[in-house]
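> My questions all concern the structure below.
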Amino acid sequence: MELDIWNFLTIIIFIFALVMMIAGIFSAYFGAGKNRAYGGIIFAVGFIVCIVWAYLVGFSDIEPFCDVPAWDVMYDALINLIAVLIGALIAIGIFLVVVLKS
């Protein structure tokens, strides 16, 4: 499998933006005072980064970005992430059963 730096960067940027938005929502909902404002700012930063990168890789004709199959990359990343989580949860579950039963 060939490592394509633009595909790799696309996954990093989109996941960064997604986690920023989730953390911002979490902070804005459960925070108090300044933390709510900071949560809104964190959400806005994640949203802006996501929109800008989606435009660059999906709709622009700028040379390094237009060659990235963004939706295919994100689909593959999501499938791989789900597979990793399922495998890890099964392994942790077996580990906990063995440790707690002994």
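For the structure tokens, the naming scheme is as follows: chains receive sequential letters (A, B, ...) according to their order of presentation, residues are indexed from 1 within each chain, and ligands are indexed from 1 in presentation order.
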Which polymer residues have any atom within 8 Å of an atom of region 59-66 of chain A, counting only C-alpha atoms, with same-chain residues fewer than 4 positions away left out, as a ChimeraX atom specification?
/A:6,54-55
> Contacts of Ala70 (chain A) at 12 Å or less, counting only C-alpha atoms, minus same-chain residues fewer than 5 places along, as a PDB file with all heavy atoms, in the first residue's frame?

```pdb
ATOM      1  N   TRP A   6      -1.163  13.273   1.190  1.00  0.00           N
ATOM      2  CA  TRP A   6      -2.379  14.088   1.172  1.00  0.00           C
ATOM      3  C   TRP A   6      -3.569  13.335   1.754  1.00  0.00           C
ATOM      4  O   TRP A   6      -4.424  13.920   2.419  1.00  0.00           O
ATOM      5  CB  TRP A   6      -2.675  14.591  -0.233  1.00  0.00           C
ATOM      6  CG  TRP A   6      -1.644  15.597  -0.642  1.00  0.00           C
ATOM      7  CD1 TRP A   6      -0.611  15.407  -1.508  1.00  0.00           C
ATOM      8  CD2 TRP A   6      -1.506  16.921  -0.144  1.00  0.00           C
ATOM      9  NE1 TRP A   6       0.152  16.538  -1.587  1.00  0.00           N
ATOM     10  CE2 TRP A   6      -0.375  17.494  -0.764  1.00  0.00           C
ATOM     11  CE3 TRP A   6      -2.222  17.690   0.756  1.00  0.00           C
ATOM     12  CZ2 TRP A   6       0.045  18.789  -0.508  1.00  0.00           C
ATOM     13  CZ3 TRP A   6      -1.798  18.977   1.016  1.00  0.00           C
ATOM     14  CH2 TRP A   6      -0.683  19.511   0.388  1.00  0.00           C
ATOM     15  N   ASN A   7      -3.635  12.026   1.501  1.00  0.00           N
ATOM     16  CA  ASN A   7      -4.689  11.233   2.137  1.00  0.00           C
ATOM     17  C   ASN A   7      -4.499  11.208   3.651  1.00  0.00           C
ATOM     18  O   ASN A   7      -5.455  11.323   4.417  1.00  0.00           O
ATOM     19  CB  ASN A   7      -4.687   9.812   1.591  1.00  0.00           C
ATOM     20  CG  ASN A   7      -5.126   9.738   0.156  1.00  0.00           C
ATOM     21  OD1 ASN A   7      -5.603  10.722  -0.418  1.00  0.00           O
ATOM     22  ND2 ASN A   7      -4.947   8.594  -0.451  1.00  0.00           N
ATOM     23  N   PHE A   8      -3.257  11.036   4.072  1.00  0.00           N
ATOM     24  CA  PHE A   8      -2.925  11.023   5.495  1.00  0.00           C
ATOM     25  C   PHE A   8      -3.295  12.354   6.153  1.00  0.00           C
ATOM     26  O   PHE A   8      -3.921  12.385   7.219  1.00  0.00           O
ATOM     27  CB  PHE A   8      -1.433  10.717   5.640  1.00  0.00           C
ATOM     28  CG  PHE A   8      -0.961  10.599   7.059  1.00  0.00           C
ATOM     29  CD1 PHE A   8      -1.337   9.512   7.836  1.00  0.00           C
ATOM     30  CD2 PHE A   8      -0.142  11.558   7.606  1.00  0.00           C
ATOM     31  CE1 PHE A   8      -0.904   9.398   9.137  1.00  0.00           C
ATOM     32  CE2 PHE A   8       0.302  11.453   8.910  1.00  0.00           C
ATOM     33  CZ  PHE A   8      -0.084  10.366   9.673  1.00  0.00           C
ATOM     34  N   LEU A   9      -2.924  13.446   5.523  1.00  0.00           N
ATOM     35  CA  LEU A   9      -3.258  14.773   6.062  1.00  0.00           C
ATOM     36  C   LEU A   9      -4.757  15.008   6.094  1.00  0.00           C
ATOM     37  O   LEU A   9      -5.279  15.640   7.016  1.00  0.00           O
ATOM     38  CB  LEU A   9      -2.576  15.873   5.249  1.00  0.00           C
ATOM     39  CG  LEU A   9      -1.083  16.047   5.496  1.00  0.00           C
ATOM     40  CD1 LEU A   9      -0.506  17.077   4.525  1.00  0.00           C
ATOM     41  CD2 LEU A   9      -0.823  16.447   6.920  1.00  0.00           C
ATOM     42  N   THR A  10      -5.466  14.508   5.109  1.00  0.00           N
ATOM     43  CA  THR A  10      -6.926  14.654   5.086  1.00  0.00           C
ATOM     44  C   THR A  10      -7.555  13.966   6.288  1.00  0.00           C
ATOM     45  O   THR A  10      -8.431  14.531   6.952  1.00  0.00           O
ATOM     46  CB  THR A  10      -7.491  14.087   3.774  1.00  0.00           C
ATOM     47  OG1 THR A  10      -6.965  14.842   2.686  1.00  0.00           O
ATOM     48  CG2 THR A  10      -9.003  14.152   3.751  1.00  0.00           C
ATOM     49  N   ILE A  11      -7.106  12.765   6.595  1.00  0.00           N
ATOM     50  CA  ILE A  11      -7.635  12.058   7.757  1.00  0.00           C
ATOM     51  C   ILE A  11      -7.305  12.821   9.038  1.00  0.00           C
ATOM     52  O   ILE A  11      -8.167  13.015   9.898  1.00  0.00           O
ATOM     53  CB  ILE A  11      -7.083  10.619   7.816  1.00  0.00           C
ATOM     54  CG1 ILE A  11      -7.623   9.814   6.641  1.00  0.00           C
ATOM     55  CG2 ILE A  11      -7.458   9.950   9.130  1.00  0.00           C
ATOM     56  CD1 ILE A  11      -6.970   8.466   6.469  1.00  0.00           C
ATOM     57  N   ILE A  12      -6.069  13.280   9.155  1.00  0.00           N
ATOM     58  CA  ILE A  12      -5.674  14.017  10.365  1.00  0.00           C
ATOM     59  C   ILE A  12      -6.507  15.285  10.530  1.00  0.00           C
ATOM     60  O   ILE A  12      -7.012  15.574  11.623  1.00  0.00           O
ATOM     61  CB  ILE A  12      -4.175  14.356  10.322  1.00  0.00           C
ATOM     62  CG1 ILE A  12      -3.348  13.094  10.516  1.00  0.00           C
ATOM     63  CG2 ILE A  12      -3.814  15.380  11.399  1.00  0.00           C
ATOM     64  CD1 ILE A  12      -1.861  13.296  10.344  1.00  0.00           C
ATOM     65  N   ILE A  13      -6.656  16.052   9.470  1.00  0.00           N
ATOM     66  CA  ILE A  13      -7.388  17.323   9.557  1.00  0.00           C
ATOM     67  C   ILE A  13      -8.861  17.092   9.871  1.00  0.00           C
ATOM     68  O   ILE A  13      -9.438  17.769  10.733  1.00  0.00           O
ATOM     69  CB  ILE A  13      -7.231  18.145   8.255  1.00  0.00           C
ATOM     70  CG1 ILE A  13      -5.766  18.506   8.021  1.00  0.00           C
ATOM     71  CG2 ILE A  13      -8.113  19.373   8.278  1.00  0.00           C
ATOM     72  CD1 ILE A  13      -5.166  19.423   9.047  1.00  0.00           C
ATOM     73  N   PHE A  14      -9.496  16.145   9.199  1.00  0.00           N
ATOM     74  CA  PHE A  14     -10.914  15.904   9.459  1.00  0.00           C
ATOM     75  C   PHE A  14     -11.149  15.365  10.873  1.00  0.00           C
ATOM     76  O   PHE A  14     -12.098  15.768  11.549  1.00  0.00           O
ATOM     77  CB  PHE A  14     -11.519  14.957   8.426  1.00  0.00           C
ATOM     78  CG  PHE A  14     -11.928  15.647   7.160  1.00  0.00           C
ATOM     79  CD1 PHE A  14     -11.682  15.064   5.935  1.00  0.00           C
ATOM     80  CD2 PHE A  14     -12.568  16.865   7.179  1.00  0.00           C
ATOM     81  CE1 PHE A  14     -12.055  15.682   4.760  1.00  0.00           C
ATOM     82  CE2 PHE A  14     -12.946  17.502   6.008  1.00  0.00           C
ATOM     83  CZ  PHE A  14     -12.687  16.911   4.796  1.00  0.00           C
ATOM     84  N   CYS A  50     -12.878  22.225   9.327  1.00  0.00           N
ATOM     85  CA  CYS A  50     -13.553  21.178   8.565  1.00  0.00           C
ATOM     86  C   CYS A  50     -14.104  21.710   7.242  1.00  0.00           C
ATOM     87  O   CYS A  50     -13.922  21.090   6.191  1.00  0.00           O
ATOM     88  CB  CYS A  50     -14.671  20.568   9.401  1.00  0.00           C
ATOM     89  SG  CYS A  50     -15.494  19.181   8.616  1.00  0.00           S
ATOM     90  N   TRP A  53     -11.112  22.668   4.809  1.00  0.00           N
ATOM     91  CA  TRP A  53     -10.432  21.503   4.249  1.00  0.00           C
ATOM     92  C   TRP A  53     -11.353  20.740   3.291  1.00  0.00           C
ATOM     93  O   TRP A  53     -10.918  20.254   2.248  1.00  0.00           O
ATOM     94  CB  TRP A  53      -9.914  20.584   5.345  1.00  0.00           C
ATOM     95  CG  TRP A  53      -8.937  19.592   4.811  1.00  0.00           C
ATOM     96  CD1 TRP A  53      -9.188  18.292   4.465  1.00  0.00           C
ATOM     97  CD2 TRP A  53      -7.557  19.811   4.527  1.00  0.00           C
ATOM     98  NE1 TRP A  53      -8.059  17.701   4.006  1.00  0.00           N
ATOM     99  CE2 TRP A  53      -7.030  18.606   4.025  1.00  0.00           C
ATOM    100  CE3 TRP A  53      -6.714  20.911   4.655  1.00  0.00           C
ATOM    101  CZ2 TRP A  53      -5.703  18.478   3.655  1.00  0.00           C
ATOM    102  CZ3 TRP A  53      -5.388  20.771   4.287  1.00  0.00           C
ATOM    103  CH2 TRP A  53      -4.901  19.560   3.792  1.00  0.00           C
ATOM    104  N   ALA A  54     -12.642  20.624   3.635  1.00  0.00           N
ATOM    105  CA  ALA A  54     -13.587  19.956   2.742  1.00  0.00           C
ATOM    106  C   ALA A  54     -13.689  20.698   1.418  1.00  0.00           C
ATOM    107  O   ALA A  54     -13.756  20.076   0.352  1.00  0.00           O
ATOM    108  CB  ALA A  54     -14.958  19.852   3.402  1.00  0.00           C
ATOM    109  N   TYR A  55     -13.684  22.016   1.471  1.00  0.00           N
ATOM    110  CA  TYR A  55     -13.706  22.786   0.226  1.00  0.00           C
ATOM    111  C   TYR A  55     -12.432  22.549  -0.585  1.00  0.00           C
ATOM    112  O   TYR A  55     -12.499  22.343  -1.796  1.00  0.00           O
ATOM    113  CB  TYR A  55     -13.865  24.282   0.506  1.00  0.00           C
ATOM    114  CG  TYR A  55     -13.686  25.111  -0.740  1.00  0.00           C
ATOM    115  CD1 TYR A  55     -14.683  25.157  -1.703  1.00  0.00           C
ATOM    116  CD2 TYR A  55     -12.505  25.797  -0.971  1.00  0.00           C
ATOM    117  CE1 TYR A  55     -14.511  25.886  -2.865  1.00  0.00           C
ATOM    118  CE2 TYR A  55     -12.319  26.522  -2.128  1.00  0.00           C
ATOM    119  CZ  TYR A  55     -13.325  26.569  -3.075  1.00  0.00           C
ATOM    120  OH  TYR A  55     -13.140  27.279  -4.236  1.00  0.00           O
ATOM    121  N   LEU A  56     -11.285  22.570   0.091  1.00  0.00           N
ATOM    122  CA  LEU A  56     -10.020  22.412  -0.624  1.00  0.00           C
ATOM    123  C   LEU A  56      -9.902  21.048  -1.298  1.00  0.00           C
ATOM    124  O   LEU A  56      -9.476  20.960  -2.447  1.00  0.00           O
ATOM    125  CB  LEU A  56      -8.838  22.622   0.324  1.00  0.00           C
ATOM    126  CG  LEU A  56      -8.589  24.056   0.760  1.00  0.00           C
ATOM    127  CD1 LEU A  56      -7.484  24.090   1.805  1.00  0.00           C
ATOM    128  CD2 LEU A  56      -8.226  24.932  -0.422  1.00  0.00           C
ATOM    129  N   VAL A  57     -10.266  19.980  -0.604  1.00  0.00           N
ATOM    130  CA  VAL A  57     -10.106  18.652  -1.184  1.00  0.00           C
ATOM    131  C   VAL A  57     -11.299  18.215  -2.020  1.00  0.00           C
ATOM    132  O   VAL A  57     -11.165  17.318  -2.850  1.00  0.00           O
ATOM    133  CB  VAL A  57      -9.806  17.580  -0.112  1.00  0.00           C
ATOM    134  CG1 VAL A  57      -8.513  17.862   0.583  1.00  0.00           C
ATOM    135  CG2 VAL A  57     -10.944  17.417   0.851  1.00  0.00           C
ATOM    136  N   GLY A  58     -12.442  18.832  -1.840  1.00  0.00           N
ATOM    137  CA  GLY A  58     -13.631  18.384  -2.549  1.00  0.00           C
ATOM    138  C   GLY A  58     -14.051  19.227  -3.728  1.00  0.00           C
ATOM    139  O   GLY A  58     -14.530  18.703  -4.733  1.00  0.00           O
ATOM    140  N   PHE A  59     -13.856  20.529  -3.621  1.00  0.00           N
ATOM    141  CA  PHE A  59     -14.455  21.396  -4.623  1.00  0.00           C
ATOM    142  C   PHE A  59     -13.484  22.355  -5.295  1.00  0.00           C
ATOM    143  O   PHE A  59     -13.853  23.016  -6.252  1.00  0.00           O
ATOM    144  CB  PHE A  59     -15.593  22.202  -3.986  1.00  0.00           C
ATOM    145  CG  PHE A  59     -16.620  21.334  -3.334  1.00  0.00           C
ATOM    146  CD1 PHE A  59     -16.712  21.269  -1.958  1.00  0.00           C
ATOM    147  CD2 PHE A  59     -17.476  20.559  -4.087  1.00  0.00           C
ATOM    148  CE1 PHE A  59     -17.650  20.460  -1.348  1.00  0.00           C
ATOM    149  CE2 PHE A  59     -18.419  19.745  -3.482  1.00  0.00           C
ATOM    150  CZ  PHE A  59     -18.509  19.692  -2.105  1.00  0.00           C
ATOM    151  N   SER A  60     -12.264  22.463  -4.795  1.00  0.00           N
ATOM    152  CA  SER A  60     -11.331  23.412  -5.403  1.00  0.00           C
ATOM    153  C   SER A  60     -10.543  22.724  -6.521  1.00  0.00           C
ATOM    154  O   SER A  60     -10.474  21.507  -6.594  1.00  0.00           O
ATOM    155  CB  SER A  60     -10.356  23.962  -4.357  1.00  0.00           C
ATOM    156  OG  SER A  60      -9.421  22.973  -4.005  1.00  0.00           O
ATOM    157  N   PHE A  65      -4.551  19.570  -3.803  1.00  0.00           N
ATOM    158  CA  PHE A  65      -5.779  19.161  -3.126  1.00  0.00           C
ATOM    159  C   PHE A  65      -6.756  18.430  -4.036  1.00  0.00           C
ATOM    160  O   PHE A  65      -7.514  17.587  -3.583  1.00  0.00           O
ATOM    161  CB  PHE A  65      -6.485  20.370  -2.517  1.00  0.00           C
ATOM    162  CG  PHE A  65      -5.658  21.100  -1.505  1.00  0.00           C
ATOM    163  CD1 PHE A  65      -5.143  22.346  -1.786  1.00  0.00           C
ATOM    164  CD2 PHE A  65      -5.384  20.534  -0.285  1.00  0.00           C
ATOM    165  CE1 PHE A  65      -4.382  23.024  -0.863  1.00  0.00           C
ATOM    166  CE2 PHE A  65      -4.626  21.198   0.657  1.00  0.00           C
ATOM    167  CZ  PHE A  65      -4.120  22.447   0.367  1.00  0.00           C
ATOM    168  N   TYR A  75     -14.262   7.463   4.130  1.00  0.00           N
ATOM    169  CA  TYR A  75     -15.018   6.215   4.260  1.00  0.00           C
ATOM    170  C   TYR A  75     -14.094   5.092   4.719  1.00  0.00           C
ATOM    171  O   TYR A  75     -14.419   4.354   5.647  1.00  0.00           O
ATOM    172  CB  TYR A  75     -15.692   5.873   2.929  1.00  0.00           C
ATOM    173  CG  TYR A  75     -16.418   4.563   2.954  1.00  0.00           C
ATOM    174  CD1 TYR A  75     -17.671   4.453   3.565  1.00  0.00           C
ATOM    175  CD2 TYR A  75     -15.866   3.422   2.385  1.00  0.00           C
ATOM    176  CE1 TYR A  75     -18.347   3.256   3.600  1.00  0.00           C
ATOM    177  CE2 TYR A  75     -16.531   2.215   2.420  1.00  0.00           C
ATOM    178  CZ  TYR A  75     -17.770   2.133   3.019  1.00  0.00           C
ATOM    179  OH  TYR A  75     -18.427   0.943   3.058  1.00  0.00           O
ATOM    180  N   ASP A  76     -12.935   4.970   4.063  1.00  0.00           N
ATOM    181  CA  ASP A  76     -11.974   3.942   4.451  1.00  0.00           C
ATOM    182  C   ASP A  76     -11.479   4.158   5.881  1.00  0.00           C
ATOM    183  O   ASP A  76     -11.316   3.207   6.645  1.00  0.00           O
ATOM    184  CB  ASP A  76     -10.783   3.931   3.494  1.00  0.00           C
ATOM    185  CG  ASP A  76     -11.158   3.421   2.112  1.00  0.00           C
ATOM    186  OD1 ASP A  76     -12.216   2.779   1.984  1.00  0.00           O
ATOM    187  OD2 ASP A  76     -10.388   3.675   1.163  1.00  0.00           O
ATOM    188  N   ALA A  77     -11.223   5.409   6.257  1.00  0.00           N
ATOM    189  CA  ALA A  77     -10.758   5.707   7.610  1.00  0.00           C
ATOM    190  C   ALA A  77     -11.828   5.336   8.636  1.00  0.00           C
ATOM    191  O   ALA A  77     -11.507   4.780   9.695  1.00  0.00           O
ATOM    192  CB  ALA A  77     -10.391   7.180   7.732  1.00  0.00           C
TER     193      ALA A  77
END
```
> Please report the interatomic distance between CA of Ser27 (chain A) and CA of Ile41 (chain A) in Å with one decimal.
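About the pair CA of Ser27 (chain A) and CA of Ile41 (chain A): they are 10.0 Å apart.
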> From the set A:Leu81, A:Val68, A:Ile92, A:Ala17, which residue has the shortest atom-to-atom contact distance to Ile48 (chain A), counting only C-alpha atoms?
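Looking only at the distances to Ile48 (chain A), the closest residue turns out to be A:Ala17.
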